[in-house]
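**Student:** Got a structure for you, structure23.txt, holding compact mmCIF, C-alpha atoms.
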# COMPACT_ATOMS: atom_id res chain seq x y z
CA MET A 296 -59.47 0.16 3.89
CA HIS A 297 -59.18 -1.07 0.32
CA ALA A 298 -60.57 -4.40 -0.70
CA ALA A 299 -58.16 -7.30 -0.42
CA PRO A 300 -56.43 -7.69 -3.78
CA THR A 301 -56.90 -10.84 -5.78
CA ALA A 302 -53.98 -12.66 -7.35
CA VAL A 303 -54.14 -12.39 -11.13
CA GLN A 304 -51.89 -13.07 -14.08
CA VAL A 305 -49.80 -9.96 -14.81
CA THR A 306 -49.06 -9.55 -18.50
CA SER A 307 -47.25 -6.96 -20.55
CA ALA A 308 -50.61 -5.36 -21.30
CA HIS A 309 -50.69 -4.05 -17.74
CA VAL A 310 -47.29 -2.41 -17.95
CA GLY A 311 -46.99 1.27 -18.89
CA GLN A 312 -44.03 3.29 -20.06
CA SER A 313 -41.93 2.67 -16.95
CA ASP A 314 -40.96 -0.69 -15.50
CA PRO A 315 -42.85 -1.14 -12.21
CA LEU A 316 -40.16 -3.61 -11.08
CA GLY A 317 -37.28 -1.33 -12.04
CA LYS A 318 -36.44 -0.11 -8.55
CA PHE A 319 -36.28 -3.70 -7.25
CA THR A 320 -34.10 -4.81 -10.19
CA GLU A 321 -31.81 -1.79 -9.78
CA HIS A 322 -30.78 -2.81 -6.28
CA ARG A 323 -30.88 -6.61 -6.71
CA ARG A 324 -28.45 -6.51 -9.66
CA PHE A 325 -25.56 -5.67 -7.33
CA ASN A 326 -26.00 -8.91 -5.36
CA ARG A 327 -24.27 -11.28 -7.76
CA PRO A 328 -20.80 -9.61 -7.99
CA ILE A 329 -20.76 -8.91 -4.26
CA ALA A 330 -21.78 -12.49 -3.45
CA THR A 331 -19.12 -13.78 -5.85
CA ALA A 332 -16.40 -11.81 -4.08
CA LEU A 333 -17.50 -13.02 -0.65
CA MET A 334 -17.79 -16.68 -1.74
CA ALA A 335 -14.18 -16.59 -2.93
CA ASP A 336 -13.08 -16.49 0.72
CA PRO A 337 -13.88 -19.56 2.87
CA GLU A 338 -14.55 -17.35 5.91
CA THR A 339 -17.28 -15.34 4.15
CA ARG A 340 -18.58 -18.04 1.80
CA ASP A 341 -21.82 -18.56 3.73
CA ILE A 342 -22.51 -14.83 3.75
CA GLY A 343 -21.95 -14.72 0.01
CA ARG A 344 -24.37 -17.60 -0.54
CA ALA A 345 -27.02 -15.90 1.59
CA ILE A 346 -26.65 -12.69 -0.45
CA ALA A 347 -26.78 -14.65 -3.72
CA ASN A 348 -30.08 -16.26 -2.68
CA CYS A 349 -31.64 -13.15 -1.12
CA SER A 350 -34.97 -11.79 -2.36
CA SER A 351 -35.28 -14.29 -5.20
CA ARG A 352 -39.09 -14.13 -4.96
CA LEU A 353 -41.16 -11.05 -4.10
CA SER A 354 -44.79 -10.86 -3.02
CA LEU A 355 -46.15 -7.52 -4.15
CA ASP A 356 -49.25 -5.39 -3.86
CA VAL A 357 -49.52 -3.40 -7.08
CA PRO A 358 -51.91 -0.44 -7.40
CA LEU A 359 -53.63 0.11 -10.73
CA VAL A 360 -53.50 3.74 -11.86
CA ASP A 361 -55.53 4.54 -14.99
CA GLY A 362 -55.23 0.93 -16.06
CA GLN A 363 -51.46 0.86 -15.65
CA LEU A 364 -49.33 -0.71 -12.94
CA GLY A 365 -48.26 1.74 -10.24
CA GLN A 366 -45.32 1.44 -7.87
CA PRO A 367 -45.46 -2.00 -6.21
CA LEU A 368 -45.40 -2.36 -2.44
CA LEU A 369 -43.27 -5.17 -1.05
CA ARG A 370 -45.46 -7.38 1.13
CA GLY A 371 -43.24 -10.44 1.49
CA ALA A 372 -39.77 -11.72 0.60
CA HIS A 373 -37.07 -14.00 1.97
CA LEU A 374 -34.44 -11.40 2.92
CA CYS A 375 -30.96 -12.43 4.07
CA ASP A 376 -30.56 -9.29 6.26
CA ARG A 377 -26.77 -9.25 5.77
CA ARG A 378 -25.04 -5.88 6.10
CA LEU A 379 -23.26 -6.23 2.74
CA CYS A 380 -26.40 -7.24 0.85
CA PRO A 381 -27.31 -4.35 -1.49
CA PHE A 382 -30.99 -5.29 -1.64
CA CYS A 383 -31.33 -5.53 2.15
CA GLU A 384 -29.32 -2.34 2.70
CA TRP A 385 -31.69 -0.53 0.33
CA ARG A 386 -34.68 -1.78 2.32
CA ARG A 387 -32.97 -0.93 5.65
CA THR A 388 -32.19 2.59 4.52
CA ARG A 389 -35.77 3.13 3.31
CA ALA A 390 -37.13 1.86 6.63
CA LEU A 391 -34.63 3.93 8.61
CA ARG A 392 -35.52 7.10 6.74
CA ALA A 393 -39.23 6.53 7.24
CA ARG A 394 -38.65 5.88 10.95
CA VAL A 395 -36.55 9.02 11.36
CA ILE A 396 -39.05 11.21 9.50
CA ARG A 397 -41.91 9.93 11.68
CA GLY A 398 -39.83 10.51 14.80
CA ILE A 399 -38.73 14.02 13.85
CA ASP A 400 -42.32 14.84 12.95
CA ALA A 401 -43.48 13.71 16.41
CA PHE A 402 -40.64 15.64 18.06
CA ALA A 403 -41.49 18.78 16.09
CA ALA A 404 -45.15 18.59 17.07
CA GLU A 405 -44.08 18.90 20.73
CA LYS A 406 -41.18 21.35 20.18
CA PRO A 407 -42.16 23.40 17.11
CA ASN A 408 -39.67 26.18 17.83
CA TRP A 409 -36.64 23.91 17.76
CA SER A 410 -34.56 23.54 14.60
CA GLY A 411 -31.97 21.24 13.08
CA VAL A 412 -28.22 21.53 12.65
CA PHE A 413 -26.52 19.17 10.22
CA LEU A 414 -22.94 18.35 11.30
CA THR A 415 -20.41 16.16 9.48
CA LEU A 416 -17.24 15.03 11.26
CA THR A 417 -14.32 13.53 9.37
CA VAL A 418 -10.81 12.22 9.82
CA ARG A 419 -8.19 11.46 7.21
CA ASN A 420 -8.66 8.40 5.04
CA CYS A 421 -7.33 5.16 6.45
CA GLN A 422 -6.24 1.82 5.06
CA LEU A 423 -8.90 -0.87 4.92
CA SER A 424 -7.04 -2.88 7.57
CA GLU A 425 -7.37 0.12 9.94
CA LEU A 426 -11.11 0.71 9.41
CA ARG A 427 -12.47 -1.00 12.54
CA GLU A 428 -9.94 0.77 14.75
CA THR A 429 -10.67 4.12 13.07
CA ILE A 430 -14.45 3.80 13.50
CA ALA A 431 -14.01 2.85 17.16
CA HIS A 432 -11.73 5.86 17.64
CA MET A 433 -14.26 8.19 15.99
CA ASN A 434 -17.09 6.89 18.18
CA ALA A 435 -15.00 7.40 21.32
CA SER A 436 -14.06 10.88 20.07
CA LEU A 437 -17.72 11.73 19.54
CA ASN A 438 -18.44 10.75 23.13
CA ARG A 439 -15.71 13.16 24.26
CA LEU A 440 -17.06 15.90 21.98
CA ARG A 441 -20.52 15.53 23.52
CA ARG A 442 -19.06 16.40 26.93
CA VAL A 443 -17.66 19.81 25.93
CA SER A 444 -19.57 22.97 26.82
CA ALA A 445 -20.24 23.84 23.18
CA TRP A 446 -22.30 20.69 22.56
CA PRO A 447 -25.79 22.20 22.14
CA THR A 448 -28.37 19.47 22.72
CA THR A 449 -29.40 16.12 24.19
CA TYR A 450 -31.46 15.38 21.07
CA TRP A 451 -29.34 14.06 18.23
CA LEU A 452 -28.90 11.14 15.86
CA ARG A 453 -25.81 9.73 14.19
CA ARG A 454 -25.17 7.82 10.98
CA THR A 455 -21.66 6.57 10.19
CA GLU A 456 -20.82 6.26 6.50
CA VAL A 457 -17.84 4.62 4.81
CA THR A 458 -16.89 5.56 1.27
CA VAL A 459 -14.17 4.00 -0.84
CA LYS A 460 -11.39 5.82 -2.67
CA ARG A 461 -10.55 3.88 -5.80
CA SER A 462 -7.21 3.96 -7.51
CA ILE A 463 -6.88 5.82 -10.81
CA SER A 464 -6.04 2.55 -12.54
CA ASP A 465 -9.44 1.09 -11.63
CA SER A 466 -11.35 1.45 -14.89
CA PHE A 467 -14.75 0.37 -13.56
CA CYS A 468 -17.16 3.29 -13.33
CA PRO A 469 -20.32 2.11 -11.52
CA THR A 470 -22.43 4.96 -12.91
CA SER A 471 -21.82 3.68 -16.44
CA VAL A 472 -23.72 0.47 -15.79
CA GLY A 473 -27.16 0.77 -17.36
CA PRO A 474 -30.29 -1.24 -16.50
CA ALA A 475 -29.76 -3.65 -19.37
CA GLN A 476 -26.00 -4.05 -18.96
CA PRO A 477 -24.43 -6.85 -16.91
CA LEU A 478 -22.31 -5.79 -13.98
CA PRO A 479 -18.59 -6.40 -14.49
CA PRO A 480 -16.98 -9.46 -12.93
CA VAL A 481 -15.20 -9.13 -9.63
CA GLY A 482 -11.53 -8.49 -10.21
CA ASP A 483 -8.43 -7.38 -8.37
CA GLY A 484 -9.32 -3.74 -7.74
CA ARG A 485 -6.65 -1.74 -5.91
CA ILE A 486 -8.04 0.45 -3.13
CA LEU A 487 -5.99 3.38 -1.93
CA SER A 488 -8.04 4.06 1.18
CA VAL A 489 -11.44 4.17 2.82
CA HIS A 490 -13.10 7.23 4.28
CA PRO A 491 -15.23 6.82 7.42
CA HIS A 492 -17.15 9.89 8.54
CA ILE A 493 -20.05 10.72 10.84
CA HIS A 494 -23.25 12.52 9.88
CA LEU A 495 -25.15 14.10 12.79
CA LEU A 496 -28.52 15.78 12.98
CA LEU A 497 -28.64 17.97 16.10
CA LEU A 498 -32.01 19.32 17.25
CA VAL A 499 -31.45 22.61 19.06
CA ARG A 500 -33.41 25.23 21.03
CA PRO A 501 -34.17 28.65 19.48
CA SER A 502 -31.47 30.17 21.72
CA TYR A 503 -28.80 28.24 19.79
CA TRP A 504 -28.99 30.82 16.99
CA SER A 505 -28.34 33.72 19.37
CA ARG A 506 -26.35 33.23 22.56
CA ASP A 507 -25.35 29.54 22.08
CA TYR A 508 -24.32 29.57 18.41
CA VAL A 509 -21.20 27.53 17.57
CA LYS A 510 -19.25 28.65 14.51
CA GLN A 511 -17.65 26.16 12.11
CA LEU A 512 -14.11 27.01 13.28
CA ARG A 513 -15.10 26.24 16.87
CA TRP A 514 -16.60 22.91 15.80
CA GLN A 515 -13.38 22.10 13.94
CA GLN A 516 -11.23 22.95 16.95
CA GLU A 517 -13.42 20.98 19.38
CA TRP A 518 -13.46 17.94 17.08
CA GLN A 519 -9.68 18.09 16.61
CA MET A 520 -9.19 18.08 20.38
CA ALA A 521 -11.83 15.40 21.03
CA ALA A 522 -10.33 13.14 18.35
CA ARG A 523 -6.77 14.00 19.49
CA LEU A 524 -5.67 14.78 15.94
CA ASP A 525 -2.40 16.47 15.00
CA TYR A 526 -4.04 18.15 11.99
CA ALA A 527 -7.12 20.31 11.38
CA PRO A 528 -9.91 17.94 10.24
CA VAL A 529 -12.57 18.80 7.70
CA VAL A 530 -15.84 19.63 9.49
CA ASP A 531 -19.03 20.76 7.82
CA VAL A 532 -21.89 22.40 9.74
CA ARG A 533 -25.01 24.02 8.36
CA ARG A 534 -28.52 24.90 9.37
CA ALA A 535 -31.13 22.39 8.24
CA LYS A 536 -33.21 24.99 6.43
CA THR A 537 -36.83 24.16 5.84
CA ARG A 538 -38.41 24.48 2.43
CA ALA A 539 -42.08 24.81 1.50
CA THR A 540 -42.24 21.11 0.64
CA ASP A 541 -41.16 20.15 4.19
CA ASP A 542 -44.12 21.58 6.12
CA HIS A 543 -45.02 18.19 7.55
CA LEU A 544 -41.84 18.35 9.64
CA HIS A 545 -43.13 21.51 11.35
CA GLY A 546 -40.07 23.53 10.36
CA VAL A 547 -37.61 21.64 12.58
CA ALA A 548 -35.63 19.97 9.80
CA PRO A 549 -36.16 19.46 6.07
CA VAL A 550 -36.51 16.01 4.56
CA SER A 551 -33.18 16.51 2.76
CA ALA A 552 -31.32 16.82 6.08
CA VAL A 553 -33.15 13.82 7.54
CA LEU A 554 -32.28 11.72 4.49
CA GLU A 555 -28.63 12.76 4.74
CA ALA A 556 -28.55 11.79 8.40
CA ALA A 557 -30.09 8.40 7.60
CA LYS A 558 -28.19 7.58 4.41
CA TYR A 559 -26.53 4.35 3.28
CA ALA A 560 -23.77 3.05 5.54
CA THR A 561 -21.84 2.07 2.40
CA LYS A 562 -23.24 2.34 -1.11
CA ALA A 563 -23.35 -0.76 -3.29
CA THR A 564 -21.12 0.96 -5.85
CA ASP A 565 -18.45 1.40 -3.18
CA LEU A 566 -18.77 -2.24 -2.18
CA LEU A 567 -18.24 -3.22 -5.81
CA ALA A 568 -15.10 -1.11 -5.93
CA LEU A 569 -13.64 -3.18 -3.08
CA ARG A 570 -13.94 -6.36 -5.18
CA ASN A 571 -11.56 -9.00 -3.85
CA GLN A 572 -11.16 -7.02 -0.61
CA LEU A 573 -14.81 -7.40 0.32
CA PRO A 574 -14.12 -10.24 2.80
CA GLU A 575 -11.69 -7.97 4.66
CA PHE A 576 -14.25 -5.16 4.62
CA HIS A 577 -16.79 -7.55 6.17
CA HIS A 578 -14.39 -8.39 8.99
CA GLN A 579 -13.64 -4.70 9.57
CA VAL A 580 -17.29 -3.61 9.92
CA HIS A 581 -18.77 -6.77 11.46
CA ARG A 582 -21.03 -5.87 14.41
CA SER A 583 -20.12 -2.19 14.21
CA ARG A 584 -22.95 0.20 15.06
CA PHE A 585 -23.48 2.59 12.15
CA PHE A 586 -26.63 4.24 13.50
CA GLY A 587 -27.17 5.84 16.89
CA VAL A 588 -29.83 7.92 18.64
CA SER A 589 -29.35 9.92 21.82
CA THR A 590 -31.15 8.67 24.93
CA ASP A 591 -33.59 11.61 24.97
CA LEU A 592 -34.40 11.30 21.26
CA GLN A 593 -35.12 7.57 21.63
CA ARG A 594 -38.51 8.61 22.96
CA TYR A 595 -39.29 9.50 19.33
CA ILE A 596 -36.90 7.35 17.27
CA LYS A 597 -36.01 3.72 17.92
CA ALA A 598 -32.25 3.21 17.91
CA SER A 599 -32.01 -0.40 16.69
CA ASP A 600 -31.41 -1.33 13.06
CA PRO A 601 -34.60 -2.05 11.06
CA LYS A 602 -35.33 -5.76 10.79
CA GLY A 603 -38.05 -8.20 9.77
CA ASP A 604 -41.37 -6.73 8.70
CA GLU A 605 -39.98 -3.21 8.97
CA LEU A 606 -38.07 -3.92 5.75
CA LEU A 607 -41.38 -4.56 3.98
CA ASP A 608 -44.12 -2.09 3.07
CA THR A 609 -46.53 -3.54 5.62
CA ASP A 610 -47.80 -0.15 6.82
CA ARG A 611 -48.45 1.38 3.41
CA PHE A 612 -51.44 0.85 1.16
CA PRO A 613 -52.40 2.35 -2.20
CA VAL A 614 -53.79 5.88 -1.95
CA PRO A 615 -56.65 6.57 -2.03
CA ALA A 616 -57.73 3.55 -0.02
CA ILE A 617 -60.34 2.56 -2.59
CA GLU A 618 -57.78 2.51 -5.41
CA PRO A 619 -57.88 -0.91 -7.08
CA SER A 620 -54.83 -3.10 -6.66
CA LEU A 621 -53.75 -6.63 -7.35
CA SER A 622 -51.47 -9.18 -5.74
CA ALA A 623 -48.54 -10.35 -7.82
CA VAL A 624 -45.36 -12.37 -7.53
CA ALA A 625 -42.07 -11.40 -9.14
CA GLU A 626 -39.08 -13.72 -9.40
CA TRP A 627 -35.43 -12.91 -9.97
CA MET A 628 -34.21 -14.14 -13.35
CA ASP A 629 -30.48 -14.56 -12.92
CA SER A 630 -29.85 -15.13 -16.63
CA VAL A 631 -31.10 -11.65 -17.53
CA GLN A 632 -30.42 -10.00 -14.15
CA GLU A 633 -33.90 -8.62 -13.60
CA TYR A 634 -37.21 -9.27 -11.86
CA ARG A 635 -40.18 -10.46 -13.89
CA PHE A 636 -43.76 -11.03 -12.93
CA THR A 637 -44.71 -14.70 -12.75
CA THR A 638 -48.25 -14.44 -11.32
Go ahead and render the structure in this file as structure tokens.

**Tutor:**
Amino acid sequence: MHAAPTAVQVTSAHVGQSDPLGKFTEHRRFNRPIATALMADPETRDIGRAIANCSSRLSLDVPLVDGQLGQPLLRGAHLCDRRLCPFCEWRRTRALRARVIRGIDAFAAEKPNWSGVFLTLTVRNCQLSELRETIAHMNASLNRLRRVSAWPTTYWLRRTEVTVKRSISDSFCPTSVGPAQPLPPVGDGRILSVHPHIHLLLLVRPSYWSRDYVKQLRWQQEWQMAARLDYAPVVDVRRAKTRATDDHLHGVAPVSAVLEAAKYATKATDLLALRNQLPEFHHQVHRSRFFGVSTDLQRYIKASDPKGDELLDTDRFPVPAIEPSLSAVAEWMDSVQEYRFTT
């Protein structure tokens, strides 16, 4: 174990070429416009206030690498834990990915000959007012799909994602916002549609690739019937091929496939595109389950959403263990839209 860090004054002399607080600032900067949109509606005003006040002060453990500040570890923060909070969703996704990787690693240690299949199921875009109904329909359709003979496994995990299709007239391009630029004010963005889809990671026996193999056309046909669609839906299926850098997953599934299966439910840039329709989006997704794990796989991966200390870096310490580190506090400076060290 490394020695307990001592709180010291952090000055610019400690900071190297890169901003050690940059990753925290990057995600926190989306909070203000999203909070503003939610506070404009009386029914979501309290949620907007919670998001506006989220993570205003961070307790960090910062490793010192060759006299420079390394990547800080988040040890404490007042997090609002709201679904539409970009900062909390970033921390949830990080925690979820770490949980899934640990679980798949444990699974692979017991079943090293199994492998992963990455399956994406879609339906046509829907109007925002139809989103809750569409997600419920997709979940029910997935339950029907799991009962067909072609379904290959009892070990699987699901992540539902919702992306937003912006109108051509919407001039805001989220990728053009740089670290030093303020985010644009919330306006009256027109949304043509939203696109819910399901990412699945299926863990299958070696025999899947011989006698039990399911071709993409068969998956498409089975999903069309399960979802009772009058059109051929877009379905993507591919083997989760392992690369040399993924040896710690024992060949079952590469990190890239795991990260895709545990990705953001809705990216902050998509939430910004909704603008004045964010309150309606909140009502449409409220209490919806965007992450699921099969009963058998729950032995390895917990199915509940990450909460509390799991959103912090409580289980990670600087490496090597004897690496010097210091305790620091960073506060959110709303006037400049960035975190700065205060102690």

**Student:** Would you mind listing what lies within 9 Å of Arg533 of chain A as a VMD selection string, with only C-alpha atoms counted and same-chain residues fewer than 2 positions away left out?

**Tutor:** chain A and resid 411 to 414 511 531 535 to 536

**Student:** Of the residues A:Ala560, A:Leu440, A:Ala445, A:Ala345, which is the one nearest to Tyr508 of chain A, using all atoms listed in the file?

**Tutor:**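 Selected residue with least distance to Tyr508 of chain A: A:Ala445.
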
**Student:** Near Leu524 of chain A, within 12 Å and counting all atoms listed in the file, which residues show up once chain neighbours fewer than 2 positions away are dropped, as a ChimeraX atom specification?

**Tutor:** /A:417-419,432-433,436,515-522,526-529

**Student:** Using only C-alpha atoms, which residues sit within 9 Å of segment 326-339 of chain A once same-chain residues fewer than 2 positions away are excluded, as JSON, numbers by chain?

**Tutor:** {"A": [322, 323, 324, 341, 342, 343, 344, 345, 346, 347, 348, 349, 379, 380, 381, 382, 478, 479, 480, 481, 482, 563, 566, 567, 570, 571, 572, 573, 574, 577, 578, 629, 632]}

**Student:** Using all atoms listed in the file, which protein or nucleic acid residues come within 10 Å of Ser424 of chain A? Drop anything in the same chain fewer than 5 positions from it, and give the result as a PyMOL selection string.

**Tutor:** chain A and resi 429+488-489+575-576+578-579

**Student:** Hey, can you spit out that residue selection with C-alpha atoms as a PDB file, in the frame of the given file?

**Tutor:**
ATOM      1  CA  THR A 429     -10.670   4.120  13.070  1.00  0.00           C
ATOM      2  CA  SER A 488      -8.040   4.060   1.180  1.00  0.00           C
ATOM      3  CA  VAL A 489     -11.440   4.170   2.820  1.00  0.00           C
ATOM      4  CA  GLU A 575     -11.690  -7.970   4.660  1.00  0.00           C
ATOM      5  CA  PHE A 576     -14.250  -5.160   4.620  1.00  0.00           C
ATOM      6  CA  HIS A 578     -14.390  -8.390   8.990  1.00  0.00           C
ATOM      7  CA  GLN A 579     -13.640  -4.700   9.570  1.00  0.00           C
TER       8      GLN A 579
END

**Student:** Pick from A:Asp361, A:Ile493, A:Leu592, A:Tyr559: nearest to Asn434 of chain A, with only C-alpha atoms counted?

**Tutor:**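 Answer, going by the shortest atom-to-atom distance: A:Ile493.
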
**Student:** Within 10 Å of Glu456 of chain A, counting all atoms listed in the file, which residues show up once you throw out same-chain ones fewer than 5 positions away? Write them as a ChimeraX atom specification, please.

**Tutor:** /A:430,490-494,556-562,585-586

**Student:** What does the structure give for the distance between atom CA of Asp507 of chain A and atom CA of Val532 of chain A, in Å to one decimal?

**Tutor:**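 Taking atom CA of Asp507 of chain A and atom CA of Val532 of chain A, their separation equals 14.7 Å.
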
**Student:** Please indicate the distance in Å from atom CA of Trp451 of chain A to atom CA of Arg582 of chain A, rounded to one decimal place.

**Tutor:** 21.9 Å

**Student:** For atom CA of Ser589 of chain A and atom CA of Leu607 of chain A, quote the distance in Å rounded to one decimal.

**Tutor:**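 Atom-to-atom, atom CA of Ser589 of chain A to atom CA of Leu607 of chain A, that is 25.9 Å.
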
**Student:** Using only C-alpha atoms - which residues lie no farther than 12 Å from the point (-35.9, -3.0, -11.6) in the file's frame? Write them as a ChimeraX atom specification.

**Tutor:** /A:313-325,366-367,382,473-475,625-628,631-636

**Student:** For Leu606 of chain A, which residue among A:Arg523, A:Arg594, A:Arg386, A:Arg370 is the nearest when counting only C-alpha atoms?

**Tutor:**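 Among the listed residues, A:Arg386 lies closest to Leu606 of chain A.
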
**Student:** Is it possible to get the residues within 6 Å of (-27.1, 13.1, 16.2) (coordinates as in the file, counting all atoms listed in the file) written as an MDAnalysis selection string?

**Tutor:** chainID A and resid 451:453 495:497

**Student:** Kindly indicate which residue among A:His581, A:Arg378, A:Arg454, A:Arg439 lies nearest to Arg392 of chain A, using all atoms listed in the file for the distances.

**Tutor:**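 Nearest candidate to Arg392 of chain A out of A:His581, A:Arg378, A:Arg454, A:Arg439: A:Arg454.
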